[in-house]
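Pasted below: upload_25.txt, compact mmCIF, C-alpha atoms.
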```txt
# COMPACT_ATOMS: atom_id res chain seq x y z
CA MET L 1 0.00 0.00 0.00
CA MET L 2 1.47 3.34 -1.04
CA LEU L 3 1.87 6.06 1.56
CA PRO L 4 0.10 9.36 0.86
CA ALA L 5 2.33 11.93 -0.79
CA GLU L 6 2.17 14.51 2.03
CA PRO L 7 3.20 12.20 4.96
CA LYS L 8 5.97 10.72 2.79
CA LYS L 9 7.37 14.17 2.03
CA LYS L 10 7.19 15.08 5.72
CA LYS L 11 9.08 11.90 6.65
CA ILE L 12 11.80 12.60 4.08
CA ARG L 13 12.09 16.19 5.31
CA ASN L 14 12.51 15.05 8.93
CA TRP L 15 15.24 12.59 7.89
CA LEU L 16 17.04 15.31 5.92
CA ILE L 17 16.93 17.64 8.93
CA ALA L 18 18.32 14.89 11.18
CA VAL L 19 21.16 14.15 8.72
CA VAL L 20 22.03 17.86 8.44
CA VAL L 21 22.11 18.23 12.24
CA ILE L 22 24.37 15.16 12.59
CA LEU L 23 26.72 16.47 9.90
CA LEU L 24 26.88 19.84 11.66
CA TYR L 25 27.85 18.14 14.92
CA ILE L 26 30.52 16.07 13.17
CA TRP L 27 31.89 19.17 11.45
CA ALA L 28 31.91 21.13 14.73
CA PHE L 29 33.74 18.45 16.72
CA ALA L 30 36.15 17.80 13.86
CA GLY L 31 37.56 21.31 14.35
CA VAL L 32 38.19 20.86 18.09
CA PRO L 33 41.92 20.42 18.81
CA PHE L 34 42.40 17.41 21.09
CA ALA L 35 46.19 17.61 21.08
CA GLY L 36 46.22 19.44 24.41
CA VAL L 37 44.21 16.76 26.23
CA LYS L 38 46.32 14.86 28.72
CA GLU L 39 46.80 11.13 28.31
CA ASN L 40 45.49 10.44 31.82
CA VAL L 41 42.32 12.48 31.31
CA GLY L 42 40.16 9.45 32.04
CA GLN L 43 41.84 8.90 35.39
CA ILE L 44 41.46 12.59 36.31
CA VAL L 45 37.77 12.71 35.39
CA GLY L 46 37.20 9.46 37.27
CA SER L 47 38.81 10.84 40.43
CA ILE L 48 36.72 14.01 40.20
CA PHE L 49 33.44 12.12 39.91
CA TYR L 50 34.49 9.68 42.64
CA GLY L 51 35.16 12.57 45.01
CA LEU L 52 31.88 14.28 44.13
CA ILE L 53 29.80 11.18 44.87
CA HIS L 54 31.84 10.40 48.02
CA PRO L 55 31.71 13.76 49.85
CA ASP L 56 33.77 14.50 52.95
CA TRP L 57 31.07 14.25 55.64
CA GLY L 58 33.59 15.09 58.35
CA TYR L 59 33.77 18.65 57.01
CA VAL L 60 30.09 19.33 57.70
CA TYR L 61 30.82 20.54 61.24
CA THR L 62 34.18 20.68 62.99
CA GLY L 63 33.54 23.40 65.57
CA ASP L 64 36.42 25.64 64.49
CA GLY L 65 34.32 28.07 62.46
CA GLU L 66 35.85 26.90 59.18
CA ASP L 67 33.44 24.03 58.55
CA LEU L 68 30.64 23.79 56.00
CA ILE L 69 27.79 24.87 58.28
CA SER L 70 29.63 27.91 59.64
CA LEU L 71 30.72 29.12 56.21
CA MET L 72 27.29 28.55 54.68
CA ILE L 73 25.77 30.66 57.48
CA GLU L 74 28.35 33.35 56.67
CA THR L 75 27.45 33.10 52.97
CA VAL L 76 23.73 33.50 53.68
CA ALA L 77 24.51 36.41 56.02
CA ILE L 78 26.49 38.16 53.26
CA ALA L 79 23.56 37.75 50.88
CA PHE L 80 21.01 38.86 53.50
CA VAL L 81 22.84 41.99 54.63
CA GLY L 82 23.72 42.95 51.06
CA THR L 83 20.12 42.51 49.91
CA PHE L 84 18.75 44.37 52.94
CA LEU L 85 20.98 47.38 52.33
CA SER L 86 20.23 47.43 48.61
CA SER L 87 16.48 47.18 49.19
CA ILE L 88 16.62 50.43 51.18
CA LEU L 89 19.08 52.26 48.94
CA SER L 90 17.17 51.25 45.80
CA ILE L 91 14.03 53.19 46.73
CA PRO L 92 15.31 56.71 45.90
CA PHE L 93 16.97 55.36 42.74
CA ALA L 94 13.64 53.77 41.76
CA PHE L 95 11.68 57.02 42.12
CA TRP L 96 14.45 58.78 40.20
CA ALA L 97 14.25 56.33 37.28
CA ALA L 98 10.45 55.98 37.23
CA ARG L 99 8.61 58.07 34.65
CA SER L 100 5.84 60.31 35.95
CA LYS L 101 3.71 63.17 34.72
CA ASN L 102 5.32 65.66 37.08
CA SER L 103 8.97 65.02 36.13
CA PRO L 104 10.79 65.56 32.83
CA ARG L 105 11.51 62.51 30.70
CA TRP L 106 15.23 63.22 30.55
CA LEU L 107 15.48 62.94 34.34
CA SER L 108 14.04 59.41 34.45
CA GLY L 109 16.03 58.49 31.35
CA PHE L 110 19.26 59.53 33.04
CA GLY L 111 18.27 57.51 36.10
CA LYS L 112 17.73 54.41 33.98
CA ILE L 113 21.17 54.90 32.39
CA VAL L 114 22.75 55.05 35.87
CA LEU L 115 21.01 51.83 36.91
CA THR L 116 22.12 50.13 33.71
CA ALA L 117 25.70 51.21 34.40
CA ILE L 118 25.52 49.75 37.92
CA ARG L 119 24.20 46.43 36.62
CA THR L 120 26.97 46.26 34.02
CA PHE L 121 29.61 45.39 36.64
CA PRO L 122 29.46 41.71 37.64
CA GLU L 123 29.45 41.03 41.37
CA ILE L 124 32.79 39.26 41.26
CA VAL L 125 34.38 42.33 39.62
CA LEU L 126 32.84 44.55 42.29
CA ALA L 127 34.15 42.17 44.95
CA ILE L 128 37.70 42.47 43.59
CA MET L 129 37.40 46.27 43.57
CA PHE L 130 36.09 46.39 47.15
CA ILE L 131 38.77 43.95 48.32
CA LYS L 132 41.36 46.43 47.09
CA THR L 133 39.51 49.17 49.00
CA VAL L 134 38.45 47.59 52.32
CA GLY L 135 40.54 44.42 52.31
CA PRO L 136 39.51 40.77 51.93
CA GLY L 137 36.66 39.38 53.95
CA SER L 138 32.90 39.33 54.30
CA PHE L 139 32.56 43.15 54.28
CA ALA L 140 33.82 43.28 50.70
CA GLY L 141 31.29 40.60 49.77
CA VAL L 142 28.44 42.55 51.38
CA LEU L 143 29.41 45.70 49.49
CA ALA L 144 29.63 43.83 46.18
CA VAL L 145 26.22 42.20 46.64
CA SER L 146 24.54 45.40 47.79
CA VAL L 147 25.90 47.63 45.00
CA HIS L 148 25.05 45.13 42.26
CA SER L 149 21.61 44.52 43.77
CA ILE L 150 20.82 48.25 43.67
CA GLY L 151 20.93 48.16 39.89
CA MET L 152 18.48 45.27 39.66
CA LEU L 153 16.12 46.13 42.51
CA ALA L 154 15.85 49.81 41.58
CA LYS L 155 14.95 48.81 38.02
CA LEU L 156 12.21 46.45 39.23
CA TYR L 157 10.99 48.99 41.78
CA SER L 158 10.80 51.72 39.13
CA GLU L 159 8.74 49.48 36.85
CA ALA L 160 6.36 48.78 39.73
CA ILE L 161 6.02 52.53 40.31
CA GLU L 162 5.32 53.17 36.62
CA ASN L 163 2.68 50.43 36.46
CA MET L 164 0.99 51.50 39.68
CA ASP L 165 -2.76 52.15 39.62
CA HIS L 166 -3.25 55.89 40.15
CA GLY L 167 -6.95 55.56 40.96
CA PRO L 168 -6.49 55.35 44.75
CA SER L 169 -4.12 58.35 44.70
CA GLU L 170 -6.66 60.44 42.81
CA SER L 171 -9.36 59.38 45.28
CA VAL L 172 -7.26 60.51 48.26
CA ILE L 173 -6.50 63.85 46.56
CA SER L 174 -10.18 64.42 45.70
CA ALA L 175 -11.05 63.77 49.36
CA GLY L 176 -8.69 66.58 50.39
CA GLY L 177 -5.71 64.47 51.36
CA SER L 178 -2.16 65.80 51.39
CA ARG L 179 0.87 64.31 49.63
CA TRP L 180 1.73 62.38 52.77
CA ASP L 181 -1.81 60.98 52.84
CA VAL L 182 -1.41 59.89 49.22
CA LEU L 183 1.89 58.24 50.08
CA GLY L 184 0.57 56.47 53.17
CA PHE L 185 -2.90 55.44 52.00
CA ALA L 186 -2.51 54.91 48.25
CA THR L 187 1.09 54.59 47.10
CA LEU L 188 2.79 52.46 49.76
CA PRO L 189 -0.03 49.87 50.14
CA GLN L 190 0.35 49.10 46.44
CA LEU L 191 4.14 49.16 46.25
CA ILE L 192 5.25 47.43 49.46
CA PRO L 193 4.02 43.91 48.51
CA GLU L 194 5.73 44.13 45.12
CA PHE L 195 8.89 45.58 46.63
CA LEU L 196 9.06 42.74 49.16
CA SER L 197 8.46 40.15 46.44
CA PHE L 198 11.27 41.56 44.30
CA THR L 199 13.55 41.72 47.35
CA LEU L 200 12.95 38.07 48.20
CA TYR L 201 13.67 37.08 44.60
CA ARG L 202 16.87 39.11 44.65
CA PHE L 203 17.87 37.44 47.93
CA GLU L 204 17.64 34.04 46.22
CA LEU L 205 20.04 35.22 43.53
CA ALA L 206 22.33 36.88 46.08
CA VAL L 207 22.84 33.58 47.92
CA ARG L 208 24.06 31.97 44.70
CA SER L 209 26.35 34.92 44.00
CA ALA L 210 27.73 35.02 47.55
CA SER L 211 28.65 31.34 47.23
CA ILE L 212 31.33 32.15 44.65
CA LEU L 213 32.54 35.56 45.88
CA GLY L 214 34.90 33.80 48.28
CA ILE L 215 36.89 32.61 45.26
CA VAL L 216 38.40 36.11 45.10
CA GLY L 217 38.60 36.52 48.87
CA ALA L 218 35.23 38.15 49.64
CA GLY L 219 34.24 35.69 52.37
CA GLY L 220 31.81 32.82 52.46
CA ILE L 221 31.98 29.25 51.24
CA GLY L 222 33.79 30.13 48.01
CA THR L 223 37.19 30.40 49.73
CA PRO L 224 37.47 26.78 50.93
CA MET L 225 35.93 25.61 47.65
CA ILE L 226 38.71 27.18 45.53
CA PHE L 227 41.32 25.84 47.97
CA ALA L 228 39.83 22.35 47.68
CA ILE L 229 39.79 22.56 43.87
CA ASN L 230 43.42 23.70 43.76
CA ALA L 231 44.41 20.87 46.13
CA ARG L 232 42.35 18.38 44.06
CA SER L 233 40.42 17.42 47.19
CA TRP L 234 37.33 16.39 45.25
CA SER L 235 35.58 14.86 48.24
CA ARG L 236 35.79 18.26 49.96
CA VAL L 237 34.50 19.92 46.77
CA GLY L 238 31.64 17.42 46.70
CA ILE L 239 30.43 18.20 50.23
CA ILE L 240 30.71 21.95 49.60
CA LEU L 241 28.64 21.71 46.41
CA LEU L 242 26.10 19.55 48.22
CA GLY L 243 25.85 22.15 50.99
CA ILE L 244 25.30 24.93 48.45
CA VAL L 245 22.59 22.93 46.66
CA VAL L 246 20.74 22.14 49.90
CA THR L 247 20.95 25.73 51.16
CA VAL L 248 19.81 27.29 47.88
CA THR L 249 16.96 24.78 47.57
CA ILE L 250 15.66 25.54 51.07
CA ILE L 251 15.88 29.30 50.52
CA ASP L 252 14.15 29.02 47.13
CA PHE L 253 11.31 27.02 48.70
CA ILE L 254 10.77 29.43 51.61
CA SER L 255 11.10 32.50 49.39
CA GLY L 256 8.68 31.09 46.83
CA ARG L 257 6.04 30.44 49.50
CA LEU L 258 6.45 33.95 50.91
CA ARG L 259 6.22 35.58 47.48
CA LYS L 260 2.99 33.71 46.73
CA ARG L 261 1.44 35.14 49.87
CA LEU L 262 2.61 38.67 49.12
CA VAL L 263 1.45 38.92 45.49
```
Take the structure in the file and give it back as structure tokens.
Amino acid sequence: MMLPAEPKKKKIRNWLIAVVVILLYIWAFAGVPFAGVKENVGQIVGSIFYGLIHPDWGYVYTGDGEDLISLMIETVAIAFVGTFLSSILSIPFAFWAARSKNSPRWLSGFGKIVLTAIRTFPEIVLAIMFIKTVGPGSFAGVLAVSVHSIGMLAKLYSEAIENMDHGPSESVISAGGSRWDVLGFATLPQLIPEFLSFTLYRFELAVRSASILGIVGAGGIGTPMIFAINARSWSRVGIILLGIVVTVTIIDFISGRLRKRLV
């Protein structure tokens, strides 16, 4: 029995696409130079995976302040303090960048450019700059997280301000309310839940960022992780990665539940 013309053409077309994709992969990998790969690469990869699946459980808590639990608490504290500071400092930047009827467009446009410039610097670059300024340690990590977070939070805050419903504000004004009444009874009740939701989301990201800032000396769990990688102590690397995954998962779960209640 002959197949209909249309399904047969579709089948041939799918086979041609598959062949083209396979040929592209072959062509791409054919240009990869494998001359620099070490002869014992299999042994190295095997030792890495063995260490990752056999973590060093003795490092979880040692009582000297340099164990996994202590450094993860320090990492979360860096993210929390940095996010808390940025959530406060972002508010004036947000009103500066938000477009309104009473302010010129160039003013908000310049504010948006400033926020974009702040977000351009990665946190690890900011951490290196602050380490040169205040020295290595958790304080440099807090400054890096807070400055970078200002760029993101202020942008989100400004968008919330721009999309705010102005009906309640007009109602308060028509009832004879002052600017402070508008702020207290119309503006803040709308903005605070969204601001808190954005702050919690930023805190989730800050925990991930703070986990690697220690690589450059900005405190937290990143410092022992880079030492363990350099020493090829893969079991220590495995328990550190496991601790980061567990911590981030718990924070994501709690933050997600809180954000659902706020919005």
Spatial neighbours of Val145 (chain L), 7 Å, only C-alpha atoms, chain gap at least 5 places, as a PyMOL selection string: chain L and resi 79+82-83+123+206
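Relative to CA of Asn163 (chain L), CA of Leu191 (chain L) is found at 10.0 Å.
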Closest of L:Ile251, L:Leu153, L:Ile48, L:Ala218 to Phe139 (chain L) - atom-to-atom distances counting only C-alpha atoms: L:Ala218
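The residue that comes closest to Ser146 (chain L), out of L:Gly238, L:Pro122, L:Gly65, L:Gly109 and on the basis of only C-alpha atoms, is L:Pro122.
Compared by their closest atoms to Val76 (chain L), and using all atoms listed in the file, the residues L:Ser169, L:Ser174, L:Asn14, L:Ser211 rank with L:Ser211 nearest.
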Counting only C-alpha atoms, the option among L:Gly217, L:Pro55, L:Gly42, L:Pro136 closest to Gly243 (chain L): L:Pro55
Surrounding residues of Ala160 (chain L) excluding itself and chain neighbours under 6 positions, 12 Å, all atoms listed in the file, as a list in words: Ile91, Ala94, Phe95, Ala97, Ala98, Arg99, Leu153, Ala154, His166, Thr187, Leu188, Gln190, Leu191, Ile192, Pro193, Glu194, Phe195, Leu196, Ser197 and Phe198 of chain L
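Shortest atom-to-atom contact with Val81 (chain L) among L:Ile239, L:Ala144, L:Ala18, L:Val114: L:Ala144, counting all atoms listed in the file.
Near Gly151 (chain L), within 9 Å and counting all atoms listed in the file, sit L:Ser86, L:Ser90, L:Phe93, L:Val114, L:Leu115, L:Thr116, L:Ala117, L:Ile118, L:Arg119, L:Thr120, L:Val147, L:Lys155, L:Leu156; same-chain residues fewer than 4 positions away were not included.
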Distance in Å - CA of Ile69 (chain L) versus CA of His54 (chain L): 18.2 Å
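Among the candidate residues L:Leu143, L:Glu204, L:Arg236, L:Lys260, the one lying nearest to Gly58 (chain L) is L:Arg236, with distances computed using only C-alpha atoms.
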Contacts of region 220-229 of chain L within 10 Å, all atoms listed in the file, excl. fewer than 4 positions in-chain, as a ChimeraX atom specification: /L:48,66-79,137-138,141,209-216,233-241,243-244
Taking all listed atoms of region 110-129 of chain L, build the axis-aligned box, pad each of the six sides by 5 Å, then write its centre and edge lengths in Å to one decimal as JSON.
```
{"center_x": 27.7, "center_y": 49.4, "center_z": 38.7, "size_x": 30.0, "size_y": 30.3, "size_z": 22.6}
```
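Of note, CA of Lys11 (chain L) and CA of Ile26 (chain L) are spaced 22.8 Å apart.
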